[in-house]
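Enquirer: So that we are looking at the same thing, I have put the structure below in structure tokens.
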Amino acid sequence: MSFMAMLSLVISSTLVYSAPLIFTSIGGTFSERSGVVNVGLEGIMGMGAFAAVVFNLTFAKQLGAATPWLGLLAGAIVGVAFSLIHAVATVTLRADHIISGTVINLMAPALGVFLIKVLYGKGQTESIGQDFGYATVPGLSKIPVLGPLFFEKTSGPAWLAILVAGLSWYIIFKTKFGLRLRSVGENPQAADTLGLNVARLRYSGVMISGLLGGIGGAVVAQSISLNYSASTIVGQGFMAMAAMIFGRWNPIGALGASLFFGLSQSLAVIGAQLPGLKNVPSIWLQLAPYVLTIIVLVFFFGKTQAPKADGVNYIKAA
């Protein structure tokens, strides 16, 4: 394999595995910027994957190539619905954020498998009829050197995720909504004094995390696993949380960290084809993403500065 072919393989594979992490880590950023810790991202991704696969299997023949993109919408809707459970528990009922998120993580895979058994009579679905596969960007793929590397046989959801990262940065740091969202995550009492609706803004942050987390799960199901089972989402939600922390609760930072984790995941799949890694036992390559996640959480969680009111319930004064 030539150097350029090897580089193209690494980049395209990295983009495929990074896309769900980018969507979900940015979703987590919106939630935590509003002051609500969302450790339920893993469960939300699981329900997004479930909804996308069921939608895909049901409508693939009628919708054709548009099915996986509309499957993202199905995953987003179910993700928002599932995140509302977390929002009600933490914002309205003032439950502990970690316990609420853990319940979501425990409930989602069991509920997903139960519904799959009800719908299809078995514990996992058949492979979907339409998946994202690889796409070529017209025009950009003709750019010398860069075109074949980044825009030929590339991942459509990954480039959408990169656009979402840029848009999210603008929303959080350059718009009135973003300023208000950050204010309730830093000092909800002061925000309340200025007339802001703290509960509404925190609901917005959690629901956006549900929307993007559901999309992240849908991307996993329709570009990597290609079916739904209890093992479709295994740790990607926690990796997205680590990417959010690694990225310092900034969408652009989360994007960079997600690309790093995506690269580590992709090497577990394509390592056998790369000269420097083909002699490394596959078990070590498969463990690498999870080990890196633990290392990031251990070494960076205490050194980064989360929003000051992150995880703190707000009780409005009478």
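Scheme for the structure tokens: letters A, B, ... for chains in order shown; per-chain residue numbers from 1; ligand numbers from 1 in order shown.
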Do a neighbour search on Met1 (chain A) at 9 Å with only C-alpha atoms, toss out local chain neighbours closer than 3 positions, and write the hits as an MDAnalysis selection string.

Expert: chainID A and resid 4:6 273:274

Enquirer: Output N, CA and C atoms for every residue in that selection, as an mmCIF file, in the first residue's frame.

Expert:
data_model
loop_
_atom_site.group_PDB
_atom_site.id
_atom_site.type_symbol
_atom_site.label_atom_id
_atom_site.label_comp_id
_atom_site.auth_asym_id
_atom_site.auth_seq_id
_atom_site.Cartn_x
_atom_site.Cartn_y
_atom_site.Cartn_z
ATOM 1 N N MET A 4 0.212 7.469 0.312
ATOM 2 C CA MET A 4 -1.008 8.260 0.144
ATOM 3 C C MET A 4 -2.255 7.410 0.366
ATOM 4 N N ALA A 5 -2.217 6.161 -0.107
ATOM 5 C CA ALA A 5 -3.372 5.276 0.102
ATOM 6 C C ALA A 5 -3.555 4.977 1.588
ATOM 7 N N MET A 6 -2.440 4.797 2.292
ATOM 8 C CA MET A 6 -2.506 4.525 3.727
ATOM 9 C C MET A 6 -3.053 5.752 4.478
ATOM 10 N N GLN A 273 -3.836 -3.347 8.672
ATOM 11 C CA GLN A 273 -3.430 -2.965 7.320
ATOM 12 C C GLN A 273 -2.275 -1.966 7.306
ATOM 13 N N LEU A 274 -1.876 -1.490 8.503
ATOM 14 C CA LEU A 274 -0.841 -0.457 8.570
ATOM 15 C C LEU A 274 0.492 -1.078 8.963
#

Enquirer: At a cut-off of 12 Å, using only C-alpha atoms, what residues contact Val103 (chain A)? Leave out same-chain residues fewer than 4 positions from it and give the result as a ChimeraX atom specification.

Expert: /A:38-44,82-83,85-86,89,95-99,107-111

Enquirer: Deliver the residues from the most recent selection as a file, using N, CA and C atoms, as a compact mmCIF listing (two decimals), in the first residue's frame.

Expert:
# COMPACT_ATOMS: atom_id res chain seq x y z
N ASN A 38 -24.78 15.82 32.28
CA ASN A 38 -25.55 14.80 31.57
C ASN A 38 -24.69 13.55 31.34
N VAL A 39 -24.63 12.68 32.36
CA VAL A 39 -23.90 11.43 32.18
C VAL A 39 -24.76 10.39 31.46
N GLY A 40 -25.99 10.79 31.09
CA GLY A 40 -26.89 9.87 30.38
C GLY A 40 -26.69 9.86 28.88
N LEU A 41 -25.60 10.47 28.40
CA LEU A 41 -25.36 10.53 26.95
C LEU A 41 -25.27 9.14 26.33
N GLU A 42 -24.71 8.19 27.07
CA GLU A 42 -24.60 6.82 26.56
C GLU A 42 -25.99 6.25 26.28
N GLY A 43 -26.90 6.43 27.23
CA GLY A 43 -28.26 5.93 27.05
C GLY A 43 -29.00 6.66 25.94
N ILE A 44 -28.80 7.98 25.87
CA ILE A 44 -29.45 8.76 24.81
C ILE A 44 -28.95 8.31 23.44
N PHE A 82 -36.03 11.38 25.22
CA PHE A 82 -35.36 10.69 26.32
C PHE A 82 -34.65 11.68 27.24
N SER A 83 -34.09 12.75 26.66
CA SER A 83 -33.38 13.74 27.48
C SER A 83 -34.35 14.51 28.37
N ILE A 85 -36.55 13.27 30.21
CA ILE A 85 -36.60 12.57 31.50
C ILE A 85 -35.53 13.13 32.42
N HIS A 86 -34.34 13.33 31.86
CA HIS A 86 -33.23 13.86 32.65
C HIS A 86 -33.51 15.32 33.05
N ALA A 89 -36.12 15.42 35.83
CA ALA A 89 -35.56 14.92 37.09
C ALA A 89 -34.62 15.93 37.73
N ALA A 95 -33.30 16.39 41.27
CA ALA A 95 -32.63 15.13 41.60
C ALA A 95 -31.14 15.26 41.36
N ASP A 96 -30.39 14.35 41.92
CA ASP A 96 -28.95 14.31 41.69
C ASP A 96 -28.68 14.02 40.20
N HIS A 97 -27.84 14.83 39.57
CA HIS A 97 -27.63 14.71 38.13
C HIS A 97 -26.97 13.37 37.76
N ILE A 98 -26.05 12.91 38.60
CA ILE A 98 -25.34 11.68 38.29
C ILE A 98 -26.29 10.48 38.38
N ILE A 99 -27.11 10.47 39.42
CA ILE A 99 -28.04 9.34 39.58
C ILE A 99 -29.06 9.32 38.44
N MET A 107 -31.42 2.14 31.81
CA MET A 107 -32.74 1.88 31.25
C MET A 107 -32.71 1.71 29.72
N ALA A 108 -31.87 2.52 29.04
CA ALA A 108 -31.92 2.58 27.58
C ALA A 108 -31.64 1.23 26.89
N PRO A 109 -30.54 0.54 27.21
CA PRO A 109 -30.29 -0.72 26.48
C PRO A 109 -31.36 -1.77 26.76
N ALA A 110 -31.84 -1.85 28.00
CA ALA A 110 -32.88 -2.84 28.32
C ALA A 110 -34.16 -2.52 27.56
N LEU A 111 -34.54 -1.23 27.54
CA LEU A 111 -35.75 -0.82 26.83
C LEU A 111 -35.60 -1.07 25.33

Enquirer: Within 9 Å of Ser12 (chain A), counting only C-alpha atoms, which residues qualify if same-chain residues fewer than 4 places away don't, as a list in words?

Expert: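 These residues fall inside the cut-off: Leu7, Ser8, Val16, Tyr17, Tyr134, Leu149, Phe150, Phe151, Glu152, Lys153, Thr154 and Ser155 of chain A.
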
Enquirer: Keeping only N, CA and C atoms, write those residues as a compact mmCIF listing (two decimals), in the first residue's frame.

Expert:
# COMPACT_ATOMS: atom_id res chain seq x y z
N LEU A 7 -2.58 6.94 4.09
CA LEU A 7 -3.04 8.17 4.74
C LEU A 7 -4.53 8.39 4.47
N SER A 8 -4.95 8.11 3.24
CA SER A 8 -6.36 8.25 2.90
C SER A 8 -7.23 7.30 3.72
N VAL A 16 -15.13 8.62 10.05
CA VAL A 16 -16.32 7.78 10.31
C VAL A 16 -16.52 7.57 11.81
N TYR A 17 -15.44 7.25 12.53
CA TYR A 17 -15.56 6.96 13.96
C TYR A 17 -15.66 8.23 14.81
N TYR A 134 -19.68 5.53 2.05
CA TYR A 134 -18.71 6.61 1.79
C TYR A 134 -19.23 7.47 0.65
N LEU A 149 -7.65 13.01 -0.33
CA LEU A 149 -7.47 12.64 1.08
C LEU A 149 -8.71 12.92 1.92
N PHE A 150 -9.33 14.09 1.70
CA PHE A 150 -10.39 14.53 2.60
C PHE A 150 -11.79 14.47 1.99
N PHE A 151 -11.91 14.52 0.67
CA PHE A 151 -13.24 14.65 0.07
C PHE A 151 -13.60 13.51 -0.88
N GLU A 152 -12.76 12.49 -0.97
CA GLU A 152 -13.07 11.34 -1.82
C GLU A 152 -13.25 10.12 -0.92
N LYS A 153 -14.33 9.39 -1.09
CA LYS A 153 -14.68 8.26 -0.23
C LYS A 153 -14.63 8.69 1.23
N THR A 154 -15.33 9.79 1.51
CA THR A 154 -15.32 10.34 2.84
C THR A 154 -16.66 10.11 3.54
N SER A 155 -16.76 10.58 4.80
CA SER A 155 -17.98 10.39 5.59
C SER A 155 -18.82 11.65 5.56

Enquirer: Could you give me, as a PyMOL selection string, each residue of region 18-108 of chain A that DSSP assigns to alpha helix (DSSP H) when run on this structure's backbone?

Expert: chain A and resi 18-33+41-63+67-87+97-108

Enquirer: Please list as an mmCIF file with all heavy atoms, in the first residue's frame every residue within 10 Å of Ala81 (chain A), counting only C-alpha atoms and excluding residues in the same chain fewer than 6 positions away.

Expert:
data_model
loop_
_atom_site.group_PDB
_atom_site.id
_atom_site.type_symbol
_atom_site.label_atom_id
_atom_site.label_comp_id
_atom_site.auth_asym_id
_atom_site.auth_seq_id
_atom_site.Cartn_x
_atom_site.Cartn_y
_atom_site.Cartn_z
ATOM 1 N N ILE A 44 -28.797 7.976 25.866
ATOM 2 C CA ILE A 44 -29.449 8.758 24.805
ATOM 3 C C ILE A 44 -28.945 8.307 23.435
ATOM 4 O O ILE A 44 -29.730 8.168 22.487
ATOM 5 C CB ILE A 44 -29.182 10.260 25.035
ATOM 6 C CG1 ILE A 44 -29.946 10.744 26.277
ATOM 7 C CG2 ILE A 44 -29.586 11.081 23.819
ATOM 8 C CD1 ILE A 44 -29.590 12.147 26.724
ATOM 9 N N MET A 47 -30.736 5.050 22.502
ATOM 10 C CA MET A 47 -32.105 5.199 22.009
ATOM 11 C C MET A 47 -32.122 5.845 20.625
ATOM 12 O O MET A 47 -32.986 5.547 19.801
ATOM 13 C CB MET A 47 -32.927 6.031 23.004
ATOM 14 C CG MET A 47 -33.139 5.351 24.349
ATOM 15 S SD MET A 47 -33.703 3.632 24.224
ATOM 16 C CE MET A 47 -35.302 3.800 23.434
ATOM 17 N N GLY A 75 -33.637 9.590 15.127
ATOM 18 C CA GLY A 75 -32.780 9.473 16.305
ATOM 19 C C GLY A 75 -32.793 10.746 17.135
ATOM 20 O O GLY A 75 -32.804 10.697 18.373
ATOM 21 N N MET A 207 -32.150 19.510 26.336
ATOM 22 C CA MET A 207 -32.831 19.017 25.124
ATOM 23 C C MET A 207 -31.915 19.071 23.905
ATOM 24 O O MET A 207 -31.968 18.190 23.033
ATOM 25 C CB MET A 207 -34.115 19.819 24.891
ATOM 26 C CG MET A 207 -35.193 19.506 25.931
ATOM 27 S SD MET A 207 -36.579 20.652 25.862
ATOM 28 C CE MET A 207 -37.298 20.206 24.291
ATOM 29 N N GLY A 210 -29.864 16.118 24.086
ATOM 30 C CA GLY A 210 -30.619 14.947 23.636
ATOM 31 C C GLY A 210 -30.700 14.870 22.124
ATOM 32 O O GLY A 210 -30.553 13.796 21.528
ATOM 33 N N LEU A 211 -30.911 16.038 21.499
ATOM 34 C CA LEU A 211 -30.998 16.074 20.027
ATOM 35 C C LEU A 211 -29.690 15.604 19.393
ATOM 36 O O LEU A 211 -29.674 14.727 18.520
ATOM 37 C CB LEU A 211 -31.342 17.497 19.591
ATOM 38 C CG LEU A 211 -31.570 17.730 18.099
ATOM 39 C CD1 LEU A 211 -32.677 18.755 17.895
ATOM 40 C CD2 LEU A 211 -30.310 18.234 17.417
ATOM 41 N N GLY A 214 -28.861 11.912 20.290
ATOM 42 C CA GLY A 214 -29.651 10.988 19.474
ATOM 43 C C GLY A 214 -29.099 10.869 18.068
ATOM 44 O O GLY A 214 -29.038 9.771 17.492
#

Enquirer: When distances are computed from only C-alpha atoms, which of A:Gly185, A:Ala218, A:Leu106, A:Tyr120 shows the smallest separation from Leu73 (chain A)?

Expert: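 Once distances to Leu73 (chain A) are computed over only C-alpha atoms, the minimum belongs to A:Ala218.
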